[in-house]
$ cat upload-v4.pdb   # PDB, C-alpha atoms
ATOM      1  CA  MET A   5      -2.497 -35.775  42.874  1.00  0.00           C
ATOM      2  CA  PRO A   6      -2.788 -39.576  42.973  1.00  0.00           C
ATOM      3  CA  ASN A   7       0.498 -41.267  42.196  1.00  0.00           C
ATOM      4  CA  ASP A   8       0.852 -45.000  42.369  1.00  0.00           C
ATOM      5  CA  SER A   9       3.975 -46.073  40.553  1.00  0.00           C
ATOM      6  CA  ALA A  10       3.241 -49.771  41.158  1.00  0.00           C
ATOM      7  CA  ALA A  11       0.075 -49.698  39.018  1.00  0.00           C
ATOM      8  CA  PRO A  12       0.339 -50.135  35.260  1.00  0.00           C
ATOM      9  CA  ALA A  13       0.662 -46.469  34.408  1.00  0.00           C
ATOM     10  CA  SER A  14      -0.802 -46.584  30.944  1.00  0.00           C
ATOM     11  CA  LEU A  15      -2.523 -43.287  31.657  1.00  0.00           C
ATOM     12  CA  GLU A  16      -1.063 -40.288  33.388  1.00  0.00           C
ATOM     13  CA  PHE A  17      -3.330 -38.296  35.656  1.00  0.00           C
ATOM     14  CA  GLU A  18      -2.577 -35.261  33.497  1.00  0.00           C
ATOM     15  CA  GLN A  19      -4.117 -36.979  30.478  1.00  0.00           C
ATOM     16  CA  LEU A  20      -7.324 -37.464  32.423  1.00  0.00           C
ATOM     17  CA  ALA A  21      -7.264 -33.952  33.821  1.00  0.00           C
ATOM     18  CA  GLU A  22      -7.153 -32.502  30.307  1.00  0.00           C
ATOM     19  CA  HIS A  23     -10.845 -33.379  30.083  1.00  0.00           C
ATOM     20  CA  ARG A  24     -11.729 -31.660  33.327  1.00  0.00           C
ATOM     21  CA  GLY A  25     -13.124 -28.538  31.639  1.00  0.00           C
ATOM     22  CA  TYR A  26     -15.402 -30.590  29.432  1.00  0.00           C
ATOM     23  CA  LEU A  27     -16.605 -32.780  32.283  1.00  0.00           C
ATOM     24  CA  LEU A  28     -17.285 -29.749  34.462  1.00  0.00           C
ATOM     25  CA  ARG A  29     -19.282 -28.085  31.721  1.00  0.00           C
ATOM     26  CA  ILE A  30     -21.587 -31.053  31.189  1.00  0.00           C
ATOM     27  CA  ALA A  31     -21.881 -31.739  34.934  1.00  0.00           C
ATOM     28  CA  ARG A  32     -22.945 -28.121  35.501  1.00  0.00           C
ATOM     29  CA  LEU A  33     -25.546 -28.349  32.747  1.00  0.00           C
ATOM     30  CA  GLU A  34     -26.976 -31.416  34.427  1.00  0.00           C
ATOM     31  CA  LEU A  35     -26.751 -30.381  38.079  1.00  0.00           C
ATOM     32  CA  ARG A  36     -26.974 -26.567  37.967  1.00  0.00           C
ATOM     33  CA  ASP A  37     -24.756 -26.490  41.027  1.00  0.00           C
ATOM     34  CA  ASP A  38     -21.076 -25.573  40.766  1.00  0.00           C
ATOM     35  CA  HIS A  39     -19.983 -27.293  43.974  1.00  0.00           C
ATOM     36  CA  LEU A  40     -21.865 -30.489  43.238  1.00  0.00           C
ATOM     37  CA  ALA A  41     -20.464 -30.487  39.700  1.00  0.00           C
ATOM     38  CA  GLU A  42     -16.914 -29.975  41.018  1.00  0.00           C
ATOM     39  CA  ASP A  43     -17.357 -32.857  43.466  1.00  0.00           C
ATOM     40  CA  CYS A  44     -18.708 -35.202  40.807  1.00  0.00           C
ATOM     41  CA  VAL A  45     -15.899 -34.366  38.400  1.00  0.00           C
ATOM     42  CA  SER A  46     -13.182 -34.767  41.054  1.00  0.00           C
ATOM     43  CA  ASP A  47     -14.681 -38.144  42.020  1.00  0.00           C
ATOM     44  CA  THR A  48     -14.800 -39.107  38.364  1.00  0.00           C
ATOM     45  CA  LEU A  49     -11.161 -38.263  37.725  1.00  0.00           C
ATOM     46  CA  THR A  50      -9.976 -39.999  40.904  1.00  0.00           C
ATOM     47  CA  HIS A  51     -12.041 -43.084  40.149  1.00  0.00           C
ATOM     48  CA  ALA A  52     -10.836 -43.114  36.538  1.00  0.00           C
ATOM     49  CA  TYR A  53      -7.228 -42.873  37.657  1.00  0.00           C
ATOM     50  CA  GLU A  54      -7.664 -45.760  40.080  1.00  0.00           C
ATOM     51  CA  LYS A  55      -9.292 -47.834  37.364  1.00  0.00           C
ATOM     52  CA  ARG A  56      -7.008 -46.692  34.567  1.00  0.00           C
ATOM     53  CA  ALA A  57      -5.834 -50.242  33.903  1.00  0.00           C
ATOM     54  CA  SER A  58      -9.375 -51.080  32.799  1.00  0.00           C
ATOM     55  CA  PHE A  59      -9.354 -48.397  30.111  1.00  0.00           C
ATOM     56  CA  ARG A  60      -8.790 -50.362  26.952  1.00  0.00           C
ATOM     57  CA  GLY A  61      -8.817 -47.526  24.508  1.00  0.00           C
ATOM     58  CA  ALA A  62     -11.756 -49.058  22.629  1.00  0.00           C
ATOM     59  CA  SER A  63     -13.625 -45.839  23.237  1.00  0.00           C
ATOM     60  CA  SER A  64     -12.063 -42.417  23.416  1.00  0.00           C
ATOM     61  CA  LEU A  65     -10.828 -41.288  26.791  1.00  0.00           C
ATOM     62  CA  ARG A  66     -13.478 -38.591  26.853  1.00  0.00           C
ATOM     63  CA  THR A  67     -16.244 -41.140  26.214  1.00  0.00           C
ATOM     64  CA  TRP A  68     -14.923 -43.343  28.985  1.00  0.00           C
ATOM     65  CA  LEU A  69     -14.737 -40.445  31.444  1.00  0.00           C
ATOM     66  CA  THR A  70     -18.209 -39.253  30.446  1.00  0.00           C
ATOM     67  CA  ALA A  71     -19.631 -42.713  31.193  1.00  0.00           C
ATOM     68  CA  ILE A  72     -18.046 -42.666  34.650  1.00  0.00           C
ATOM     69  CA  LEU A  73     -19.371 -39.156  35.296  1.00  0.00           C
ATOM     70  CA  LYS A  74     -22.827 -40.184  34.114  1.00  0.00           C
ATOM     71  CA  ASN A  75     -22.903 -43.038  36.612  1.00  0.00           C
ATOM     72  CA  ARG A  76     -21.956 -40.659  39.427  1.00  0.00           C
ATOM     73  CA  ILE A  77     -24.645 -38.239  38.386  1.00  0.00           C
ATOM     74  CA  ILE A  78     -27.310 -40.918  38.133  1.00  0.00           C
ATOM     75  CA  ASP A  79     -26.505 -42.126  41.657  1.00  0.00           C
ATOM     76  CA  LEU A  80     -26.828 -38.551  42.834  1.00  0.00           C
ATOM     77  CA  LEU A  81     -30.117 -37.961  41.022  1.00  0.00           C
ATOM     78  CA  ARG A  82     -31.656 -41.164  42.357  1.00  0.00           C
ATOM     79  CA  LYS A  83     -30.752 -40.035  45.849  1.00  0.00           C
ATOM     80  CA  GLN A  84     -32.110 -36.513  45.277  1.00  0.00           C
ATOM     81  CA  TRP A  85     -35.312 -37.836  43.750  1.00  0.00           C
ATOM     82  CA  ARG A  86     -35.856 -40.215  46.658  1.00  0.00           C
ATOM     83  CA  GLU A  87     -35.380 -37.451  49.177  1.00  0.00           C
ATOM     84  CA  GLN A  88     -37.345 -34.715  47.431  1.00  0.00           C
ATOM     85  CA  PRO A  89     -40.956 -35.296  46.473  1.00  0.00           C
ATOM     86  CA  LEU A  90     -41.880 -34.386  42.920  1.00  0.00           C
ATOM     87  CA  GLU A  91     -42.779 -30.735  42.462  1.00  0.00           C
ATOM     88  CA  PRO A  92     -46.479 -30.623  41.563  1.00  0.00           C
ATOM     89  CA  ALA A  93     -46.984 -29.292  38.034  1.00  0.00           C
ATOM     90  CA  PRO A  94     -49.949 -26.963  37.554  1.00  0.00           C
ATOM     91  CA  SER A  95     -52.597 -28.944  35.674  1.00  0.00           C
ATOM     92  CA  GLY A  96     -53.683 -27.644  32.266  1.00  0.00           C
ATOM     93  CA  GLU A  97     -50.283 -26.083  31.775  1.00  0.00           C
ATOM     94  CA  GLN A  98     -48.916 -29.597  31.537  1.00  0.00           C
ATOM     95  CA  ASP A  99     -50.146 -30.048  28.043  1.00  0.00           C
ATOM     96  CA  PHE A 100     -49.475 -26.452  27.026  1.00  0.00           C
ATOM     97  CA  ASP A 101     -53.181 -25.845  26.373  1.00  0.00           C
ATOM     98  CA  ALA A 102     -52.627 -22.096  26.394  1.00  0.00           C
ATOM     99  CA  LEU A 103     -50.474 -22.341  23.263  1.00  0.00           C
ATOM    100  CA  PHE A 104     -53.298 -23.852  21.220  1.00  0.00           C
ATOM    101  CA  ASP A 105     -56.664 -22.586  20.058  1.00  0.00           C
ATOM    102  CA  ALA A 106     -59.928 -24.453  20.546  1.00  0.00           C
ATOM    103  CA  SER A 107     -59.305 -26.657  17.519  1.00  0.00           C
ATOM    104  CA  GLY A 108     -55.867 -27.690  18.821  1.00  0.00           C
ATOM    105  CA  HIS A 109     -53.857 -25.547  16.405  1.00  0.00           C
ATOM    106  CA  TYR A 110     -51.093 -23.160  17.373  1.00  0.00           C
ATOM    107  CA  ALA A 111     -52.659 -19.879  18.440  1.00  0.00           C
ATOM    108  CA  GLU A 112     -49.471 -18.016  17.493  1.00  0.00           C
ATOM    109  CA  MET A 113     -47.226 -18.941  14.600  1.00  0.00           C
ATOM    110  CA  PRO A 114     -43.990 -20.514  15.924  1.00  0.00           C
ATOM    111  CA  SER A 115     -40.903 -18.719  14.579  1.00  0.00           C
ATOM    112  CA  ALA A 116     -39.265 -20.153  11.497  1.00  0.00           C
ATOM    113  CA  VAL A 117     -35.628 -21.178  11.857  1.00  0.00           C
ATOM    114  CA  ASN A 118     -34.203 -21.071   8.362  1.00  0.00           C
ATOM    115  CA  ASP A 119     -30.725 -22.235   9.180  1.00  0.00           C
ATOM    116  CA  PRO A 120     -30.317 -24.106  12.491  1.00  0.00           C
ATOM    117  CA  ALA A 121     -26.568 -24.590  11.978  1.00  0.00           C
ATOM    118  CA  GLU A 122     -26.009 -20.902  11.373  1.00  0.00           C
ATOM    119  CA  LEU A 123     -28.152 -19.903  14.363  1.00  0.00           C
ATOM    120  CA  CYS A 124     -26.193 -22.287  16.609  1.00  0.00           C
ATOM    121  CA  GLN A 125     -22.950 -20.558  15.582  1.00  0.00           C
ATOM    122  CA  GLN A 126     -24.153 -17.432  17.351  1.00  0.00           C
ATOM    123  CA  ASP A 127     -22.973 -17.043  20.944  1.00  0.00           C
ATOM    124  CA  GLY A 128     -26.013 -14.917  21.737  1.00  0.00           C
ATOM    125  CA  PHE A 129     -28.342 -17.736  20.754  1.00  0.00           C
ATOM    126  CA  LEU A 130     -26.406 -20.350  22.737  1.00  0.00           C
ATOM    127  CA  ILE A 131     -26.473 -18.095  25.790  1.00  0.00           C
ATOM    128  CA  ALA A 132     -30.250 -17.769  25.402  1.00  0.00           C
ATOM    129  CA  VAL A 133     -30.580 -21.569  25.148  1.00  0.00           C
ATOM    130  CA  GLN A 134     -28.440 -22.049  28.250  1.00  0.00           C
ATOM    131  CA  ARG A 135     -30.577 -19.539  30.146  1.00  0.00           C
ATOM    132  CA  CYS A 136     -33.779 -21.292  29.101  1.00  0.00           C
ATOM    133  CA  VAL A 137     -32.407 -24.726  30.045  1.00  0.00           C
ATOM    134  CA  ASP A 138     -31.474 -23.373  33.479  1.00  0.00           C
ATOM    135  CA  LYS A 139     -35.070 -22.207  33.931  1.00  0.00           C
ATOM    136  CA  LEU A 140     -36.627 -25.629  33.312  1.00  0.00           C
ATOM    137  CA  PRO A 141     -38.204 -27.313  36.333  1.00  0.00           C
ATOM    138  CA  LYS A 142     -35.359 -29.249  37.904  1.00  0.00           C
ATOM    139  CA  ARG A 143     -36.312 -32.814  37.079  1.00  0.00           C
ATOM    140  CA  ILE A 144     -37.442 -32.009  33.582  1.00  0.00           C
ATOM    141  CA  GLY A 145     -34.113 -30.292  32.993  1.00  0.00           C
ATOM    142  CA  GLN A 146     -32.201 -33.229  34.419  1.00  0.00           C
ATOM    143  CA  VAL A 147     -33.938 -35.736  32.136  1.00  0.00           C
ATOM    144  CA  PHE A 148     -33.493 -33.440  29.122  1.00  0.00           C
ATOM    145  CA  VAL A 149     -29.766 -32.856  29.715  1.00  0.00           C
ATOM    146  CA  LEU A 150     -29.170 -36.578  30.227  1.00  0.00           C
ATOM    147  CA  ARG A 151     -30.848 -37.125  26.872  1.00  0.00           C
ATOM    148  CA  GLU A 152     -29.278 -34.314  24.851  1.00  0.00           C
ATOM    149  CA  VAL A 153     -25.883 -33.808  26.489  1.00  0.00           C
ATOM    150  CA  PHE A 154     -25.031 -37.239  27.867  1.00  0.00           C
ATOM    151  CA  GLY A 155     -26.738 -39.002  24.983  1.00  0.00           C
ATOM    152  CA  SER A 156     -28.863 -41.401  27.046  1.00  0.00           C
ATOM    153  CA  ASP A 157     -31.603 -43.029  24.994  1.00  0.00           C
ATOM    154  CA  THR A 158     -35.157 -43.691  26.182  1.00  0.00           C
ATOM    155  CA  LYS A 159     -34.332 -47.202  27.421  1.00  0.00           C
ATOM    156  CA  GLU A 160     -31.365 -45.999  29.453  1.00  0.00           C
ATOM    157  CA  LEU A 161     -33.375 -43.161  30.954  1.00  0.00           C
ATOM    158  CA  CYS A 162     -36.092 -45.613  32.034  1.00  0.00           C
ATOM    159  CA  LYS A 163     -33.594 -47.989  33.585  1.00  0.00           C
ATOM    160  CA  ASP A 164     -31.367 -45.363  35.195  1.00  0.00           C
ATOM    161  CA  LEU A 165     -34.116 -43.172  36.595  1.00  0.00           C
ATOM    162  CA  GLY A 166     -36.819 -45.756  37.234  1.00  0.00           C
ATOM    163  CA  LEU A 167     -39.288 -44.081  34.862  1.00  0.00           C
ATOM    164  CA  THR A 168     -41.749 -45.606  32.403  1.00  0.00           C
ATOM    165  CA  THR A 169     -41.265 -45.018  28.675  1.00  0.00           C
ATOM    166  CA  SER A 170     -44.319 -42.784  28.415  1.00  0.00           C
ATOM    167  CA  ASN A 171     -43.138 -40.836  31.437  1.00  0.00           C
ATOM    168  CA  VAL A 172     -39.780 -40.222  29.771  1.00  0.00           C
ATOM    169  CA  TRP A 173     -41.529 -39.043  26.590  1.00  0.00           C
ATOM    170  CA  VAL A 174     -43.732 -36.684  28.579  1.00  0.00           C
ATOM    171  CA  GLN A 175     -40.763 -35.189  30.434  1.00  0.00           C
ATOM    172  CA  LEU A 176     -38.813 -34.678  27.219  1.00  0.00           C
ATOM    173  CA  TYR A 177     -41.865 -33.239  25.451  1.00  0.00           C
ATOM    174  CA  ARG A 178     -42.378 -30.766  28.276  1.00  0.00           C
ATOM    175  CA  ALA A 179     -38.723 -29.800  28.235  1.00  0.00           C
ATOM    176  CA  ARG A 180     -38.755 -29.121  24.494  1.00  0.00           C
ATOM    177  CA  MET A 181     -42.031 -27.225  24.585  1.00  0.00           C
ATOM    178  CA  MET A 182     -40.890 -25.105  27.519  1.00  0.00           C
ATOM    179  CA  LEU A 183     -37.600 -24.413  25.770  1.00  0.00           C
ATOM    180  CA  ARG A 184     -39.216 -23.441  22.497  1.00  0.00           C
ATOM    181  CA  THR A 185     -41.667 -21.184  24.323  1.00  0.00           C
ATOM    182  CA  CYS A 186     -38.798 -19.610  26.244  1.00  0.00           C
ATOM    183  CA  LEU A 187     -36.782 -19.117  23.056  1.00  0.00           C
ATOM    184  CA  GLU A 188     -39.685 -17.437  21.296  1.00  0.00           C
ATOM    185  CA  GLN A 189     -38.833 -14.517  23.579  1.00  0.00           C
ATOM    186  CA  GLY A 190     -35.408 -13.550  22.313  1.00  0.00           C
ATOM    187  CA  GLY A 191     -33.771 -16.668  20.873  1.00  0.00           C
ATOM    188  CA  PHE A 192     -35.774 -17.780  17.867  1.00  0.00           C
ATOM    189  CA  GLY A 193     -37.436 -14.368  17.823  1.00  0.00           C
ATOM    190  CA  ARG A 194     -34.150 -12.706  17.069  1.00  0.00           C
ATOM    191  CA  ALA A 195     -33.656 -15.059  14.148  1.00  0.00           C
ATOM    192  CA  LYS A 196     -37.041 -13.986  12.817  1.00  0.00           C
ATOM    193  CA  ALA A 197     -36.110 -10.306  12.970  1.00  0.00           C
ATOM    194  CA  ARG A 198     -32.941 -10.769  10.980  1.00  0.00           C
TER
ATOM    195  CA  MET B 170     -58.897 -40.571  10.406  1.00  0.00           C
ATOM    196  CA  PHE B 171     -55.503 -39.165   9.524  1.00  0.00           C
ATOM    197  CA  ARG B 172     -56.173 -35.692  10.858  1.00  0.00           C
ATOM    198  CA  ILE B 173     -54.356 -34.756  14.033  1.00  0.00           C
ATOM    199  CA  SER B 174     -54.134 -31.482  15.946  1.00  0.00           C
ATOM    200  CA  CYS B 175     -50.951 -29.414  16.266  1.00  0.00           C
ATOM    201  CA  GLN B 176     -50.922 -30.370  19.914  1.00  0.00           C
ATOM    202  CA  HIS B 177     -50.835 -34.047  18.982  1.00  0.00           C
ATOM    203  CA  ALA B 178     -48.333 -33.415  16.176  1.00  0.00           C
ATOM    204  CA  SER B 179     -45.999 -31.613  18.581  1.00  0.00           C
ATOM    205  CA  ARG B 180     -45.955 -34.608  20.897  1.00  0.00           C
ATOM    206  CA  LEU B 181     -45.031 -36.802  17.941  1.00  0.00           C
ATOM    207  CA  LEU B 182     -42.335 -34.343  16.846  1.00  0.00           C
ATOM    208  CA  SER B 183     -40.775 -34.628  20.262  1.00  0.00           C
ATOM    209  CA  GLN B 184     -41.166 -38.399  20.407  1.00  0.00           C
ATOM    210  CA  ARG B 185     -39.449 -38.858  17.066  1.00  0.00           C
ATOM    211  CA  GLN B 186     -36.363 -37.159  18.461  1.00  0.00           C
ATOM    212  CA  ASP B 187     -36.077 -40.086  20.849  1.00  0.00           C
ATOM    213  CA  GLU B 188     -37.373 -43.132  18.986  1.00  0.00           C
ATOM    214  CA  PRO B 189     -38.341 -44.060  15.443  1.00  0.00           C
ATOM    215  CA  LEU B 190     -42.114 -43.547  15.279  1.00  0.00           C
ATOM    216  CA  PRO B 191     -44.319 -46.544  14.534  1.00  0.00           C
ATOM    217  CA  PHE B 192     -45.751 -46.542  11.008  1.00  0.00           C
ATOM    218  CA  GLY B 193     -49.216 -45.181  11.793  1.00  0.00           C
ATOM    219  CA  LYS B 194     -47.913 -42.232  13.777  1.00  0.00           C
ATOM    220  CA  ARG B 195     -45.302 -41.518  11.127  1.00  0.00           C
ATOM    221  CA  VAL B 196     -47.942 -41.334   8.403  1.00  0.00           C
ATOM    222  CA  LYS B 197     -50.222 -39.087  10.461  1.00  0.00           C
ATOM    223  CA  LEU B 198     -47.363 -36.767  11.279  1.00  0.00           C
ATOM    224  CA  ARG B 199     -46.176 -36.609   7.683  1.00  0.00           C
ATOM    225  CA  ILE B 200     -49.649 -35.732   6.454  1.00  0.00           C
ATOM    226  CA  HIS B 201     -50.014 -33.080   9.141  1.00  0.00           C
ATOM    227  CA  LEU B 202     -46.619 -31.536   8.340  1.00  0.00           C
ATOM    228  CA  SER B 203     -47.473 -31.386   4.647  1.00  0.00           C
ATOM    229  CA  VAL B 204     -50.283 -28.940   5.405  1.00  0.00           C
ATOM    230  CA  CYS B 205     -49.098 -27.185   8.587  1.00  0.00           C
ATOM    231  CA  ASP B 206     -46.477 -24.405   8.515  1.00  0.00           C
ATOM    232  CA  ALA B 207     -46.659 -23.998  12.286  1.00  0.00           C
ATOM    233  CA  CYS B 208     -45.649 -27.594  12.997  1.00  0.00           C
ATOM    234  CA  ARG B 209     -42.950 -27.519  10.316  1.00  0.00           C
ATOM    235  CA  ASN B 210     -41.500 -24.575  12.207  1.00  0.00           C
ATOM    236  CA  VAL B 211     -41.728 -26.446  15.501  1.00  0.00           C
ATOM    237  CA  SER B 212     -39.969 -29.407  13.911  1.00  0.00           C
ATOM    238  CA  ARG B 213     -37.134 -27.089  12.892  1.00  0.00           C
ATOM    239  CA  GLN B 214     -37.042 -25.573  16.368  1.00  0.00           C
ATOM    240  CA  PHE B 215     -36.674 -29.023  17.943  1.00  0.00           C
ATOM    241  CA  GLU B 216     -33.812 -29.841  15.562  1.00  0.00           C
ATOM    242  CA  THR B 217     -32.214 -26.541  16.480  1.00  0.00           C
ATOM    243  CA  LEU B 218     -32.497 -27.346  20.184  1.00  0.00           C
ATOM    244  CA  ARG B 219     -30.679 -30.620  19.668  1.00  0.00           C
ATOM    245  CA  LEU B 220     -27.911 -28.918  17.753  1.00  0.00           C
ATOM    246  CA  ALA B 221     -27.640 -26.127  20.316  1.00  0.00           C
ATOM    247  CA  MET B 222     -27.264 -28.625  23.178  1.00  0.00           C
ATOM    248  CA  ARG B 223     -24.476 -30.319  21.253  1.00  0.00           C
ATOM    249  CA  LYS B 224     -22.779 -26.957  20.809  1.00  0.00           C
ATOM    250  CA  LEU B 225     -23.137 -26.148  24.512  1.00  0.00           C
ATOM    251  CA  ARG B 226     -21.497 -29.473  25.282  1.00  0.00           C
ATOM    252  CA  GLU B 227     -18.588 -29.043  22.899  1.00  0.00           C
ATOM    253  CA  LYS B 228     -17.746 -25.356  23.126  1.00  0.00           C
ATOM    254  CA  ASP B 229     -14.423 -24.540  24.750  1.00  0.00           C
TER
END
$ encode --input "upload-v4.pdb" --output "structure tokens"
Amino acid sequence: MPNDSAAPASLEFEQLAEHRGYLLRIARLELRDDHLAEDCVSDTLTHAYEKRASFRGASSLRTWLTAILKNRIIDLLRKQWREQPLEPAPSGEQDFDALFDASGHYAEMPSAVNDPAELCQQDGFLIAVQRCVDKLPKRIGQVFVLREVFGSDTKELCKDLGLTTSNVWVQLYRARMMLRTCLEQGGFGRAKAR
Amino acid sequence: MFRISCQHASRLLSQRQDEPLPFGKRVKLRIHLSVCDACRNVSRQFETLRLAMRKLREKD
């Protein structure tokens, strides 16, 4: 455990480590790799401890740590994306043509969700969502989790990932459509049966 | 002129989760939603997804 008694010890390492579980959870959602997530979170906590004098308390500790983690993850993604060519998406499926009839209307009625808040209280539903998110094509999942879990907005996603605005919209659209299609089999569907 | 397909409406439903829609798109979407149960359901599903991701982030 880092211990530097000469530095202004406004923050104890233990205070930072209290957020480890949270950071690990969001890192795993983003990276889908336990070891990589562990590494990123350990780096984050070490870096945060070294830089603890720069934490001004303007934001919450968790927000500050999340920002540091996000930077680590973005560095990692940029490296991964450089090294791995984009997986080719099957054409036609890209715009979810199969879901629509010839006139562009939904061929099957999407399930009604009467009470989103109530549905999201159910562990079974959250497990189904998690499973569907883990099934997304890797990059689409990474963009989606940065948006919905790390709270990056379109501008940040463009800047951080080197994507155009319309590209970001397309990735997020695909993620949401894939997720809703996935959840029609068991997630939303269960809500319909109740 | 204001008629859009569900496919188009779904793209707008996703886009509006990320940015305020420009006026023209907003009007088209609103008109479409007023007559389309399917897209109203999809809108609800997208809201639910956002909420679920928040829950996955916060759960202990």
$ closest_atom_pairs --input "upload-v4.pdb" --of "chain B" --to "stretch 168-192 of chain A" --cutoff "10 Å" --atoms "all atoms listed in the file" --output "tab-separated table"
residue	atom	partner	partner_atom	distance
B:Ser179	CA	A:Tyr177	CA	8.2
B:Arg180	CA	A:Tyr177	CA	6.3
B:Leu181	CA	A:Tyr177	CA	8.9
B:Leu182	CA	A:Tyr177	CA	8.7
B:Ser183	CA	A:Tyr177	CA	5.5
B:Gln184	CA	A:Trp173	CA	6.2
B:Arg185	CA	A:Trp173	CA	9.8
B:Gln186	CA	A:Leu176	CA	9.4
B:Asp187	CA	A:Trp173	CA	8.0
B:Glu188	CA	A:Trp173	CA	9.6
B:Val211	CA	A:Arg184	CA	8.0
B:Gln214	CA	A:Arg184	CA	6.8
B:Phe215	CA	A:Arg180	CA	6.9
B:Thr217	CA	A:Phe192	CA	9.6
B:Leu218	CA	A:Arg180	CA	7.8
B:Arg219	CA	A:Arg180	CA	9.5
$ closest_residue --input "upload-v4.pdb" --among "A:Asp79, A:Glu34, A:Glu87, A:Asp164" --to "chain B" --atoms "only C-alpha atoms"
A:Glu34
$ residues_around --input "upload-v4.pdb" --residues "stretch 222-227 of chain B" --least-positions-apart "5" --cutoff "12 Å" --atoms "all atoms listed in the file" --output "PDB file with C-alpha atoms, in the coordinates of the input"
ATOM      1  CA  HIS A  23     -10.845 -33.379  30.083  1.00  0.00           C
ATOM      2  CA  GLY A  25     -13.124 -28.538  31.639  1.00  0.00           C
ATOM      3  CA  TYR A  26     -15.402 -30.590  29.432  1.00  0.00           C
ATOM      4  CA  LEU A  27     -16.605 -32.780  32.283  1.00  0.00           C
ATOM      5  CA  LEU A  28     -17.285 -29.749  34.462  1.00  0.00           C
ATOM      6  CA  ARG A  29     -19.282 -28.085  31.721  1.00  0.00           C
ATOM      7  CA  ILE A  30     -21.587 -31.053  31.189  1.00  0.00           C
ATOM      8  CA  ALA A  31     -21.881 -31.739  34.934  1.00  0.00           C
ATOM      9  CA  ARG A  32     -22.945 -28.121  35.501  1.00  0.00           C
ATOM     10  CA  LEU A  33     -25.546 -28.349  32.747  1.00  0.00           C
ATOM     11  CA  GLU A  34     -26.976 -31.416  34.427  1.00  0.00           C
ATOM     12  CA  ARG A  66     -13.478 -38.591  26.853  1.00  0.00           C
ATOM     13  CA  THR A  70     -18.209 -39.253  30.446  1.00  0.00           C
ATOM     14  CA  PRO A 120     -30.317 -24.106  12.491  1.00  0.00           C
ATOM     15  CA  ALA A 121     -26.568 -24.590  11.978  1.00  0.00           C
ATOM     16  CA  GLU A 122     -26.009 -20.902  11.373  1.00  0.00           C
ATOM     17  CA  LEU A 123     -28.152 -19.903  14.363  1.00  0.00           C
ATOM     18  CA  CYS A 124     -26.193 -22.287  16.609  1.00  0.00           C
ATOM     19  CA  GLN A 125     -22.950 -20.558  15.582  1.00  0.00           C
ATOM     20  CA  GLN A 126     -24.153 -17.432  17.351  1.00  0.00           C
ATOM     21  CA  ASP A 127     -22.973 -17.043  20.944  1.00  0.00           C
ATOM     22  CA  GLY A 128     -26.013 -14.917  21.737  1.00  0.00           C
ATOM     23  CA  PHE A 129     -28.342 -17.736  20.754  1.00  0.00           C
ATOM     24  CA  LEU A 130     -26.406 -20.350  22.737  1.00  0.00           C
ATOM     25  CA  ILE A 131     -26.473 -18.095  25.790  1.00  0.00           C
ATOM     26  CA  ALA A 132     -30.250 -17.769  25.402  1.00  0.00           C
ATOM     27  CA  VAL A 133     -30.580 -21.569  25.148  1.00  0.00           C
ATOM     28  CA  GLN A 134     -28.440 -22.049  28.250  1.00  0.00           C
ATOM     29  CA  ARG A 135     -30.577 -19.539  30.146  1.00  0.00           C
ATOM     30  CA  CYS A 136     -33.779 -21.292  29.101  1.00  0.00           C
ATOM     31  CA  VAL A 137     -32.407 -24.726  30.045  1.00  0.00           C
ATOM     32  CA  PHE A 148     -33.493 -33.440  29.122  1.00  0.00           C
ATOM     33  CA  VAL A 149     -29.766 -32.856  29.715  1.00  0.00           C
ATOM     34  CA  LEU A 150     -29.170 -36.578  30.227  1.00  0.00           C
ATOM     35  CA  ARG A 151     -30.848 -37.125  26.872  1.00  0.00           C
ATOM     36  CA  GLU A 152     -29.278 -34.314  24.851  1.00  0.00           C
ATOM     37  CA  VAL A 153     -25.883 -33.808  26.489  1.00  0.00           C
ATOM     38  CA  PHE A 154     -25.031 -37.239  27.867  1.00  0.00           C
ATOM     39  CA  GLY A 155     -26.738 -39.002  24.983  1.00  0.00           C
ATOM     40  CA  ARG A 180     -38.755 -29.121  24.494  1.00  0.00           C
ATOM     41  CA  LEU A 183     -37.600 -24.413  25.770  1.00  0.00           C
TER      42      LEU A 183
ATOM     43  CA  PHE B 215     -36.674 -29.023  17.943  1.00  0.00           C
ATOM     44  CA  GLU B 216     -33.812 -29.841  15.562  1.00  0.00           C
ATOM     45  CA  THR B 217     -32.214 -26.541  16.480  1.00  0.00           C
TER      46      THR B 217
END
$ closest_atom_pairs --input "upload-v4.pdb" --of "chain B" --to "chain A" --cutoff "6 Å" --atoms "only C-alpha atoms" --output "Markdown table"
| residue | atom | partner | partner_atom | distance |
| --- | --- | --- | --- | --- |
| B:Ser174 | CA | A:Gly108 | CA | 5.1 |
| B:Cys175 | CA | A:His109 | CA | 4.8 |
| B:Gln176 | CA | A:Gly108 | CA | 5.7 |
| B:Ser183 | CA | A:Tyr177 | CA | 5.5 |
| B:Ala207 | CA | A:Met113 | CA | 5.6 |
| B:Asn210 | CA | A:Ala116 | CA | 5.0 |
| B:Thr217 | CA | A:Pro120 | CA | 5.0 |
| B:Ala221 | CA | A:Cys124 | CA | 5.5 |
$ write_last_selection --input "upload-v4.pdb" --atoms "C-alpha atoms" --output "PDB file, in the frame of the given file"
ATOM      1  CA  SER B 174     -54.134 -31.482  15.946  1.00  0.00           C
ATOM      2  CA  CYS B 175     -50.951 -29.414  16.266  1.00  0.00           C
ATOM      3  CA  GLN B 176     -50.922 -30.370  19.914  1.00  0.00           C
ATOM      4  CA  SER B 183     -40.775 -34.628  20.262  1.00  0.00           C
ATOM      5  CA  ALA B 207     -46.659 -23.998  12.286  1.00  0.00           C
ATOM      6  CA  ASN B 210     -41.500 -24.575  12.207  1.00  0.00           C
ATOM      7  CA  THR B 217     -32.214 -26.541  16.480  1.00  0.00           C
ATOM      8  CA  ALA B 221     -27.640 -26.127  20.316  1.00  0.00           C
TER       9      ALA B 221
END
